[in-house]
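Listing of upload-v9.txt, compact mmCIF, C-alpha atoms (C1' of nucleotides)
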```txt
# COMPACT_ATOMS: atom_id res chain seq x y z
CA MET I 1 77.42 131.74 100.68
CA SER I 2 79.64 131.62 103.77
CA SER I 3 81.28 135.06 103.99
CA ARG I 4 84.85 134.29 104.85
CA SER I 5 86.87 136.90 106.66
CA GLU I 6 89.29 138.99 104.69
CA THR I 7 92.23 137.39 106.51
CA ILE I 8 91.12 133.87 105.66
CA THR I 9 90.77 134.82 102.01
CA ARG I 10 94.26 136.31 101.96
CA ILE I 11 95.72 133.23 103.63
CA LEU I 12 94.05 130.98 101.06
CA ASP I 13 95.19 133.22 98.19
CA SER I 14 98.77 133.20 99.38
CA ALA I 15 98.80 129.47 100.07
CA GLU I 16 97.29 128.70 96.68
CA SER I 17 99.88 130.80 94.92
CA HIS I 18 102.72 129.11 96.78
CA ILE I 19 101.39 125.60 96.16
CA CYS I 20 100.81 126.26 92.45
CA LYS I 21 104.40 127.42 92.12
CA LYS I 22 106.32 125.07 94.40
CA GLY I 23 104.03 122.32 95.64
CA TYR I 24 102.88 121.25 99.09
CA ASN I 25 106.25 120.43 100.58
CA ALA I 26 107.95 123.72 99.77
CA PHE I 27 105.77 126.30 101.47
CA SER I 28 105.63 127.22 105.14
CA PHE I 29 103.24 128.97 107.49
CA ARG I 30 105.87 131.62 108.16
CA GLU I 31 106.15 132.46 104.46
CA ILE I 32 102.44 132.97 104.16
CA ALA I 33 102.19 134.87 107.42
CA HIS I 34 104.98 137.21 106.40
CA GLU I 35 103.44 137.75 102.99
CA ILE I 36 100.15 138.99 104.39
CA GLY I 37 101.62 140.82 107.34
CA ILE I 38 100.70 138.63 110.32
CA LYS I 39 102.50 136.01 112.40
CA SER I 40 102.49 132.29 111.75
CA ALA I 41 100.64 131.62 115.02
CA SER I 42 97.78 133.68 113.62
CA VAL I 43 97.63 131.50 110.54
CA HIS I 44 97.32 128.48 112.83
CA TYR I 45 94.36 130.18 114.49
CA HIS I 46 92.45 130.01 111.19
CA PHE I 47 93.87 126.73 109.92
CA PRO I 48 95.06 124.43 112.74
CA THR I 49 97.32 122.28 110.57
CA LYS I 50 99.15 122.53 107.27
CA ALA I 51 97.08 119.66 105.89
CA ASN I 52 93.94 121.52 106.90
CA LEU I 53 95.03 124.68 105.12
CA ALA I 54 96.11 122.89 101.96
CA ALA I 55 92.88 120.89 101.80
CA ALA I 56 90.88 124.11 102.11
CA VAL I 57 92.90 125.57 99.26
CA VAL I 58 92.18 122.60 97.01
CA LEU I 59 88.46 122.57 97.80
CA ARG I 60 88.12 126.27 97.03
CA TYR I 61 90.20 125.89 93.85
CA THR I 62 88.15 122.95 92.59
CA ASP I 63 84.88 124.68 93.32
CA SER I 64 85.85 127.89 91.60
CA PHE I 65 87.43 126.06 88.67
CA ILE I 66 84.40 123.91 87.94
CA LYS I 67 82.01 126.81 88.42
CA SER I 68 83.97 128.88 85.92
CA LEU I 69 83.47 126.24 83.24
CA GLY I 70 79.76 126.71 82.78
CA GLU I 71 76.94 124.24 83.13
CA PRO I 72 77.12 121.38 80.58
CA ASN I 73 73.39 120.76 80.92
CA SER I 74 72.44 124.30 80.04
CA PRO I 75 70.28 123.95 76.89
CA ASN I 76 71.63 127.03 75.13
CA ALA I 77 75.28 126.30 75.83
CA ASP I 78 77.43 126.14 72.73
CA ALA I 79 79.34 122.88 72.67
CA LYS I 80 82.57 124.11 71.19
CA ASP I 81 82.55 127.20 73.38
CA LEU I 82 82.41 124.99 76.45
CA LEU I 83 85.52 123.11 75.39
CA LYS I 84 87.31 126.22 74.21
CA ASN I 85 86.64 127.82 77.55
CA TYR I 86 87.96 124.74 79.31
CA ILE I 87 91.21 124.88 77.40
CA GLN I 88 91.39 128.62 78.00
CA GLU I 89 91.38 127.97 81.76
CA PHE I 90 94.52 125.87 81.42
CA GLN I 91 96.09 128.42 79.11
CA ASN I 92 95.54 130.99 81.84
CA VAL I 93 97.55 128.86 84.27
CA LEU I 94 100.38 128.71 81.77
CA ILE I 95 100.35 132.46 81.37
CA SER I 96 100.31 133.25 85.08
CA ASN I 97 103.96 133.27 86.06
CA ASP I 98 105.71 130.09 87.06
CA SER I 99 102.48 128.36 88.00
CA MET I 100 101.11 124.88 87.57
CA CYS I 101 97.57 123.64 87.75
CA LEU I 102 96.99 123.10 91.47
CA GLY I 103 95.58 119.64 90.85
CA GLY I 104 98.47 118.71 88.59
CA ILE I 105 101.28 119.64 90.92
CA LEU I 106 99.59 118.02 93.93
CA SER I 107 98.87 114.85 91.98
CA ALA I 108 102.55 114.63 91.12
CA GLU I 109 103.37 114.86 94.83
CA LEU I 110 100.42 112.68 95.83
CA THR I 111 102.37 110.02 97.74
CA SER I 112 103.86 112.65 100.03
CA LEU I 113 100.56 114.34 100.88
CA PRO I 114 98.47 113.99 104.05
CA ASP I 115 95.29 111.98 103.38
CA GLU I 116 93.11 115.05 103.66
CA VAL I 117 94.99 116.81 100.85
CA ALA I 118 95.33 113.71 98.68
CA ASP I 119 91.57 113.13 98.88
CA ALA I 120 90.80 116.69 97.85
CA THR I 121 93.23 116.35 94.96
CA ARG I 122 91.54 113.19 93.71
CA GLN I 123 88.22 115.01 93.90
CA PHE I 124 89.57 117.73 91.62
CA PHE I 125 90.24 115.20 88.90
CA ILE I 126 86.97 113.35 89.41
CA GLU I 127 85.00 116.56 88.98
CA ASN I 128 87.00 117.59 85.93
CA LEU I 129 86.42 114.24 84.31
CA ARG I 130 82.73 114.33 85.11
CA TRP I 131 82.36 117.77 83.54
CA LEU I 132 84.25 116.76 80.41
CA THR I 133 82.32 113.52 80.05
CA ASP I 134 79.04 115.41 80.34
CA VAL I 135 80.07 117.85 77.65
CA LEU I 136 81.13 115.06 75.32
CA GLN I 137 77.93 113.12 75.81
CA LEU I 138 75.52 116.04 75.66
CA HIS I 139 77.07 118.00 72.85
CA PHE I 140 79.20 115.73 70.78
CA GLY I 141 76.95 112.72 70.61
CA VAL I 142 79.47 110.41 72.22
CA ASN I 143 77.02 107.98 73.72
CA ASP I 144 79.30 105.07 74.49
CA ILE I 145 80.29 105.77 78.07
CA ALA I 146 83.64 103.97 77.78
CA ILE I 147 84.55 106.06 74.75
CA SER I 148 83.48 109.32 76.32
CA HIS I 149 85.47 108.52 79.45
CA PHE I 150 88.52 107.76 77.36
CA LYS I 151 88.20 110.95 75.36
CA ALA I 152 87.68 113.01 78.52
CA MET I 153 90.76 111.42 80.03
CA LYS I 154 92.68 112.22 76.87
CA ILE I 155 91.77 115.89 76.99
CA LEU I 156 92.54 116.24 80.69
CA ALA I 157 95.83 114.36 80.40
CA MET I 158 96.87 116.42 77.40
CA LEU I 159 96.25 119.69 79.20
CA GLU I 160 97.98 118.68 82.43
CA GLY I 161 100.86 117.23 80.46
CA THR I 162 101.21 120.36 78.39
CA LEU I 163 101.59 122.42 81.54
CA ILE I 164 104.20 120.01 82.89
CA VAL I 165 106.24 119.91 79.69
CA MET I 166 105.99 123.62 78.97
CA ARG I 167 107.26 124.38 82.46
CA SER I 168 110.66 123.01 81.52
CA LEU I 169 110.73 123.87 77.84
CA ASN I 170 110.20 127.57 77.60
CA ARG I 171 108.65 127.18 74.20
CA GLU I 172 105.43 129.04 73.55
CA VAL I 173 102.58 126.59 73.15
CA GLN I 174 100.28 126.55 70.18
CA PHE I 175 97.13 126.23 72.21
CA GLU I 176 95.12 127.20 69.15
CA GLU I 177 96.39 124.13 67.37
CA MET I 178 95.49 122.05 70.40
CA VAL I 179 91.99 123.44 70.44
CA GLU I 180 91.53 122.37 66.84
CA ASP I 181 92.90 118.95 67.69
CA PHE I 182 90.42 118.49 70.48
CA LEU I 183 87.44 119.86 68.63
CA ASN I 184 88.06 117.32 65.91
CA LEU I 185 87.82 114.78 68.72
CA SER I 186 90.00 112.39 66.84
CA MET E 1 132.28 103.71 81.49
CA SER E 2 133.14 105.15 84.91
CA SER E 3 132.70 102.26 87.33
CA ARG E 4 130.78 103.78 90.18
CA SER E 5 131.12 102.21 93.58
CA GLU E 6 128.37 99.98 94.85
CA THR E 7 127.50 102.50 97.56
CA ILE E 8 127.09 105.33 95.08
CA THR E 9 124.81 103.19 92.97
CA ARG E 10 122.68 102.30 95.96
CA ILE E 11 122.45 105.94 97.02
CA LEU E 12 121.36 106.95 93.53
CA ASP E 13 118.83 104.10 93.37
CA SER E 14 117.32 105.03 96.69
CA ALA E 15 117.24 108.75 95.92
CA GLU E 16 115.65 108.12 92.52
CA SER E 17 112.95 105.99 94.07
CA HIS E 18 112.17 108.61 96.69
CA ILE E 19 112.07 111.48 94.20
CA CYS E 20 109.85 109.55 91.77
CA LYS E 21 107.38 108.92 94.57
CA LYS E 22 107.43 112.15 96.56
CA GLY E 23 109.44 114.76 94.72
CA TYR E 24 112.58 116.71 95.59
CA ASN E 25 111.29 118.46 98.68
CA ALA E 26 110.08 115.39 100.53
CA PHE E 27 113.15 113.22 100.81
CA SER E 28 116.08 113.55 103.19
CA PHE E 29 119.65 112.35 103.44
CA ARG E 30 118.78 110.50 106.64
CA GLU E 31 116.00 108.54 104.92
CA ILE E 32 118.32 107.39 102.17
CA ALA E 33 121.15 106.62 104.54
CA HIS E 34 118.90 104.54 106.76
CA GLU E 35 117.51 102.68 103.76
CA ILE E 36 120.91 101.48 102.60
CA GLY E 37 122.35 100.97 106.06
CA ILE E 38 124.83 103.82 106.42
CA LYS E 39 124.77 107.23 108.13
CA SER E 40 123.75 110.50 106.53
CA ALA E 41 127.28 111.88 106.92
CA SER E 42 128.47 109.09 104.65
CA VAL E 43 125.98 110.11 102.00
CA HIS E 44 127.39 113.62 102.17
CA TYR E 45 130.83 112.15 101.55
CA HIS E 46 129.68 110.96 98.13
CA PHE E 47 127.31 113.81 97.33
CA PRO E 48 128.22 117.03 99.13
CA THR E 49 124.82 118.69 98.78
CA LYS E 50 121.23 117.66 98.21
CA ALA E 51 121.16 119.58 94.92
CA ASN E 52 124.27 117.70 93.85
CA LEU E 53 122.72 114.32 94.60
CA ALA E 54 119.42 115.12 92.91
CA ALA E 55 121.15 116.44 89.81
CA ALA E 56 123.20 113.24 89.59
CA VAL E 57 119.99 111.23 89.83
CA VAL E 58 118.38 113.18 86.99
CA LEU E 59 121.44 112.90 84.73
CA ARG E 60 121.65 109.15 85.23
CA TYR E 61 117.90 108.75 84.72
CA THR E 62 117.90 110.78 81.50
CA ASP E 63 120.86 108.93 80.12
CA SER E 64 119.44 105.49 80.84
CA PHE E 65 115.97 106.48 79.66
CA ILE E 66 117.14 107.79 76.30
CA LYS E 67 119.51 104.89 75.79
CA SER E 68 116.69 102.42 76.40
CA LEU E 69 114.67 103.94 73.56
CA GLY E 70 116.89 102.80 70.75
CA GLU E 71 118.65 104.78 68.07
CA PRO E 72 116.24 106.65 65.74
CA ASN E 73 118.87 106.79 63.02
CA SER E 74 119.38 103.04 62.96
CA PRO E 75 118.47 102.01 59.40
CA ASN E 76 116.78 98.76 60.32
CA ALA E 77 114.72 100.20 63.17
CA ASP E 78 111.02 99.67 62.83
CA ALA E 79 109.22 102.97 63.12
CA LYS E 80 106.15 101.83 64.98
CA ASP E 81 108.22 99.67 67.30
CA LEU E 82 110.23 102.72 68.33
CA LEU E 83 107.11 104.59 69.32
CA LYS E 84 105.51 101.57 70.95
CA ASN E 85 108.64 101.07 72.99
CA TYR E 86 108.58 104.73 74.01
CA ILE E 87 105.04 104.45 75.27
CA GLN E 88 105.94 101.21 77.00
CA GLU E 89 108.58 103.03 79.03
CA PHE E 90 105.91 105.34 80.42
CA GLN E 91 103.57 102.46 81.03
CA ASN E 92 106.32 100.87 83.11
CA VAL E 93 106.44 103.95 85.32
CA LEU E 94 102.71 103.70 85.85
CA ILE E 95 102.99 100.06 86.82
CA SER E 96 105.85 100.54 89.27
CA ASN E 97 104.13 101.38 92.52
CA ASP E 98 103.22 104.95 93.38
CA SER E 99 105.79 106.38 91.02
CA MET E 100 105.86 109.28 88.62
CA CYS E 101 108.17 109.96 85.73
CA LEU E 102 111.19 111.60 87.36
CA GLY E 103 111.16 114.41 84.81
CA GLY E 104 107.44 114.98 85.27
CA ILE E 105 107.43 115.30 89.03
CA LEU E 106 110.49 117.54 89.06
CA SER E 107 109.09 119.73 86.31
CA ALA E 108 105.96 120.21 88.42
CA GLU E 109 108.15 121.35 91.31
CA LEU E 110 110.53 123.26 89.04
CA THR E 111 110.23 126.65 90.73
CA SER E 112 111.30 125.18 94.04
CA LEU E 113 114.38 123.40 92.71
CA PRO E 114 118.04 124.45 92.96
CA ASP E 115 119.37 125.64 89.59
CA GLU E 116 121.48 122.54 89.17
CA VAL E 117 118.45 120.26 89.44
CA ALA E 118 116.17 122.48 87.37
CA ASP E 119 118.73 122.54 84.55
CA ALA E 120 119.04 118.75 84.54
CA THR E 121 115.25 118.48 84.47
CA ARG E 122 115.00 120.75 81.45
CA GLN E 123 117.60 118.63 79.74
CA PHE E 124 115.46 115.53 80.25
CA PHE E 125 112.65 117.10 78.26
CA ILE E 126 114.92 118.51 75.59
CA GLU E 127 116.39 115.08 74.93
CA ASN E 128 113.00 113.41 74.91
CA LEU E 129 111.70 115.92 72.42
CA ARG E 130 114.75 115.53 70.23
CA TRP E 131 114.37 111.76 70.14
CA LEU E 132 110.67 111.97 69.33
CA THR E 133 111.20 114.57 66.64
CA ASP E 134 113.89 112.42 65.04
CA VAL E 135 111.60 109.41 64.97
CA LEU E 136 108.78 111.41 63.43
CA GLN E 137 110.99 112.90 60.75
CA LEU E 138 112.91 109.77 59.87
CA HIS E 139 110.13 107.24 59.95
CA PHE E 140 106.84 108.99 59.50
CA GLY E 141 107.78 111.43 56.79
CA VAL E 142 106.92 114.48 58.85
CA ASN E 143 109.29 116.87 57.14
CA ASP E 144 107.90 120.19 58.30
CA ILE E 145 109.95 120.86 61.41
CA ALA E 146 107.26 122.93 63.10
CA ILE E 147 104.75 120.14 62.64
CA SER E 148 107.09 117.44 63.87
CA HIS E 149 107.93 119.53 66.93
CA PHE E 150 104.27 120.00 67.65
CA LYS E 151 103.50 116.32 67.25
CA ALA E 152 106.45 115.35 69.45
CA MET E 153 105.26 117.80 72.09
CA LYS E 154 101.80 116.31 71.87
CA ILE E 155 103.03 112.78 72.48
CA LEU E 156 105.28 113.79 75.37
CA ALA E 157 102.59 115.93 76.98
CA MET E 158 100.02 113.19 76.62
CA LEU E 159 102.22 110.64 78.33
CA GLU E 160 103.28 112.91 81.20
CA GLY E 161 99.71 114.05 81.64
CA THR E 162 98.42 110.50 81.68
CA LEU E 163 100.78 109.67 84.52
CA ILE E 164 99.66 112.74 86.45
CA VAL E 165 95.95 112.10 85.99
CA MET E 166 96.16 108.35 86.60
CA ARG E 167 97.96 108.98 89.86
CA SER E 168 94.81 110.48 91.32
CA LEU E 169 92.21 108.45 89.46
CA ASN E 170 92.94 104.85 90.14
CA ARG E 171 91.45 103.86 86.84
CA GLU E 172 93.41 101.46 84.71
CA VAL E 173 94.63 103.18 81.58
CA GLN E 174 94.01 101.90 78.13
CA PHE E 175 97.53 102.39 76.91
CA GLU E 176 96.78 100.17 73.93
CA GLU E 177 94.17 102.63 72.79
CA MET E 178 96.66 105.42 73.26
CA VAL E 179 99.25 103.63 71.20
CA GLU E 180 96.76 103.37 68.36
CA ASP E 181 95.97 107.06 68.73
CA PHE E 182 99.58 108.03 68.45
CA LEU E 183 100.42 105.69 65.61
CA ASN E 184 97.64 107.27 63.61
CA LEU E 185 99.46 110.53 64.31
CA SER E 186 96.28 112.49 63.92
C1' DG P 1 92.20 137.62 116.23
C1' DT P 2 96.79 138.63 116.83
C1' DC P 3 100.73 138.56 119.46
C1' DT P 4 105.23 136.64 122.07
C1' DA P 5 107.51 132.81 123.37
C1' DT P 6 108.75 128.40 122.99
C1' DA P 7 108.51 123.37 122.51
C1' DA P 8 109.62 119.37 119.71
C1' DT P 9 111.35 117.68 115.65
C1' DT P 10 113.69 117.52 111.33
C1' DT P 11 116.83 119.05 108.10
C1' DG P 12 121.21 119.98 105.37
C1' DA P 13 125.69 120.18 106.39
C1' DT P 14 130.53 120.02 108.80
C1' DA P 15 134.55 118.53 111.88
C1' DG P 16 137.32 115.15 113.18
C1' DA P 17 138.25 110.27 114.93
C1' DC P 18 138.95 105.67 113.14
C1' DG B 1 134.71 105.43 103.40
C1' DT B 2 132.20 105.33 107.41
C1' DC B 3 131.49 106.73 111.88
C1' DT B 4 130.08 109.94 116.16
C1' DA B 5 128.91 114.23 117.45
C1' DT B 6 127.19 118.37 116.69
C1' DC B 7 125.64 122.83 114.63
C1' DA B 8 122.57 126.21 112.74
C1' DA B 9 118.44 126.83 110.79
C1' DA B 10 113.78 125.85 109.69
C1' DT B 11 109.54 123.60 110.47
C1' DT B 12 104.83 122.48 112.48
C1' DA B 13 102.45 123.36 116.30
C1' DT B 14 100.89 124.98 121.11
C1' DA B 15 100.25 127.94 125.45
C1' DG B 16 98.93 131.92 127.17
C1' DA B 17 98.95 137.24 127.35
C1' DC B 18 96.63 141.15 125.25
```
Give the structure from the file, written as structure tokens.
Amino acid sequence: MSSRSETITRILDSAESHICKKGYNAFSFREIAHEIGIKSASVHYHFPTKANLAAAVVLRYTDSFIKSLGEPNSPNADAKDLLKNYIQEFQNVLISNDSMCLGGILSAELTSLPDEVADATRQFFIENLRWLTDVLQLHFGVNDIAISHFKAMKILAMLEGTLIVMRSLNREVQFEEMVEDFLNLS
Amino acid sequence: MSSRSETITRILDSAESHICKKGYNAFSFREIAHEIGIKSASVHYHFPTKANLAAAVVLRYTDSFIKSLGEPNSPNADAKDLLKNYIQEFQNVLISNDSMCLGGILSAELTSLPDEVADATRQFFIENLRWLTDVLQLHFGVNDIAISHFKAMKILAMLEGTLIVMRSLNREVQFEEMVEDFLNLS
DNA sequence: GTCTATAATTTGATAGAC
DNA sequence: GTCTATCAAATTATAGAC
């Protein structure tokens, strides 16, 4: 849709990478500027404040993440493939070096975030939960809305928690086993 | 054992509270000093560096957390009570205002932490996993070590993830339902 | 759109008096 | 053990030239 300039894209890419690795409070405009070969004042030209930049990062991340999951309402979507793909997205985060899920790391830091960034972070989780709930209701016959919400929460929490725990324990995760677990929908 | 001075205890308390709420990169010596009514230079007298202080916080937290869980080897320990108590500890974190599990928030920020703090954080998870694995093996007859490790990881990840997700979604968690889930050990 | 220059503030940390 | 005073560095952000 809106064709962002190359510079803006590179700023967002760099900021996203830094936030996923270290969080909101450990990256600076100078770092990002240096990384893409401009000065920090030029970053401020595109994103007036740090909160503004971080919020833009989260919105783009959420949008691209949800879009990558596929449409739960699509009639020919395979139910288990949808969930497998979802888990695969988290597995990708684990594989990409020293990174966390953007939503997960920001949610951990939530109390220290500017409102703008905290709101965008909450939205990430709301949209994830909505997608998961839709999949569970449409494809797994979980009609009770309280139950489907609980199961969706369980899946999301398990994946975020796995990233958190695996960050400190360098053990390789058996994501395959987790997939099975979830598909059984115990 | 070592009788720490009142001041040291208050510094550690304040630092722990700040880290649990905002993470390592969003608290300062001045904040803590002001909170307990001394000057930041006096905090440096007790803890030379920020890394030093944070590491001390994590070590104390881990020690007290594990101790509070009860001894898995104790012959008269009730198996389900041990696990229920474990989950209760996490529920307490959720109830205490705007707080995360110290290990969870630091693990999210791991790449931005001084080595000293990162190492202490890893140790928190190692000791949690050891305790959980012991409980599973001693009381639930999970003899296959790979399986008990996986189940322990699942429980720990689920609890850390629940804290992360619930921080952004202000929904009340059905911990009771989770307890049932875990006790079934699906 | 990018730059130089700089303001205003905060931070981790140290020296030395009491 | 706590204080005052201060440093050196980093940070977010702005003004104004090109």
message = So that I can check the surroundings of stretch 168-170 of chain I, please list as a ChimeraX atom specification every protein, DNA and RNA residue that reaches within 8 Å of it, counting all atoms listed in the file and ignoring chain neighbours fewer than 2 positions away.
response = /I:164-166,172 /E:107,110,121-122,125-126
Could the residues of chain E within 7 Å of chain I, counting all atoms listed in the file, be given as a tab-separated table (two decimals) with C-alpha atoms, in the coordinates of the input, please?
```tsv
chain	number	residue	atom	x	y	z
E	21	LYS	CA	107.38	108.92	94.57
E	22	LYS	CA	107.43	112.15	96.56
E	23	GLY	CA	109.44	114.76	94.72
E	25	ASN	CA	111.29	118.46	98.68
E	26	ALA	CA	110.08	115.39	100.53
E	98	ASP	CA	103.22	104.95	93.38
E	100	MET	CA	105.86	109.28	88.62
E	104	GLY	CA	107.44	114.98	85.27
E	105	ILE	CA	107.43	115.30	89.03
E	107	SER	CA	109.09	119.73	86.31
E	108	ALA	CA	105.96	120.21	88.42
E	109	GLU	CA	108.15	121.35	91.31
E	111	THR	CA	110.23	126.65	90.73
E	112	SER	CA	111.30	125.18	94.04
E	122	ARG	CA	115.00	120.75	81.45
E	157	ALA	CA	102.59	115.93	76.98
E	158	MET	CA	100.02	113.19	76.62
E	160	GLU	CA	103.28	112.91	81.20
E	161	GLY	CA	99.71	114.05	81.64
E	162	THR	CA	98.42	110.50	81.68
E	164	ILE	CA	99.66	112.74	86.45
E	165	VAL	CA	95.95	112.10	85.99
E	167	ARG	CA	97.96	108.98	89.86
E	168	SER	CA	94.81	110.48	91.32
E	169	LEU	CA	92.21	108.45	89.46
E	186	SER	CA	96.28	112.49	63.92
```
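For the set E:Glu31, E:Glu71, E:Glu116, E:Asp63, the residue with the smallest atom-to-atom gap to chain P is E:Glu31, counting only C-alpha atoms (C1' of nucleotides).
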query = With all atoms listed in the file as the atoms that count, which of E:Leu69, E:Tyr61, E:Ala15, E:Leu136 lies nearest to E:Phe47?
reply =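 Between E:Leu69, E:Tyr61, E:Ala15, E:Leu136, the residue approaching E:Phe47 most closely is E:Ala15.
With atom C1' of P:DG12 on one side and atom CA of E:Thr9 on the other, the separation reads 21.2 Å.
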query = When distances are computed from only C-alpha atoms, which of E:Phe140, E:Tyr86, E:Phe65, E:Trp131 shows the smallest separation from E:Phe175?
reply =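 Smallest distance to E:Phe175 is found for E:Tyr86.
Across the structure, atom CA of I:Ser148 and atom CA of I:Lys80 are spaced 15.7 Å apart.
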inquiry  = Based on all atoms listed in the file, which of the residues in chain E come within 12 Å of chain B? I want them as a ChimeraX atom specification.
reply    = /E:5-8,33,37-46
request  = Give as number ranges by chain every residue of chain E that touches chain P within 9 Å, counting only C-alpha atoms (C1' of nucleotides).
outcome  = E: 28-30, 41, 44, 48-50
Those same residues, written as a PDB file, in the coordinates of the input with C-alpha atoms?
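For reference, part.pdb as written:
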```pdb
ATOM      1  CA  SER E  28     116.080 113.550 103.190  1.00  0.00           C
ATOM      2  CA  PHE E  29     119.650 112.350 103.440  1.00  0.00           C
ATOM      3  CA  ARG E  30     118.780 110.500 106.640  1.00  0.00           C
ATOM      4  CA  ALA E  41     127.280 111.880 106.920  1.00  0.00           C
ATOM      5  CA  HIS E  44     127.390 113.620 102.170  1.00  0.00           C
ATOM      6  CA  PRO E  48     128.220 117.030  99.130  1.00  0.00           C
ATOM      7  CA  THR E  49     124.820 118.690  98.780  1.00  0.00           C
ATOM      8  CA  LYS E  50     121.230 117.660  98.210  1.00  0.00           C
TER       9      LYS E  50
END
```
ask   = By how many Å are atom CA of I:Gln88 and atom CA of I:Asp134 apart?
value = 18.2 Å
request  = Counting all atoms listed in the file, figure out which residue out of E:Glu180, E:Asp81, E:Glu89, E:Glu16 gets nearest to E:Lys67.
outcome  =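 Nearest to E:Lys67: E:Glu89.
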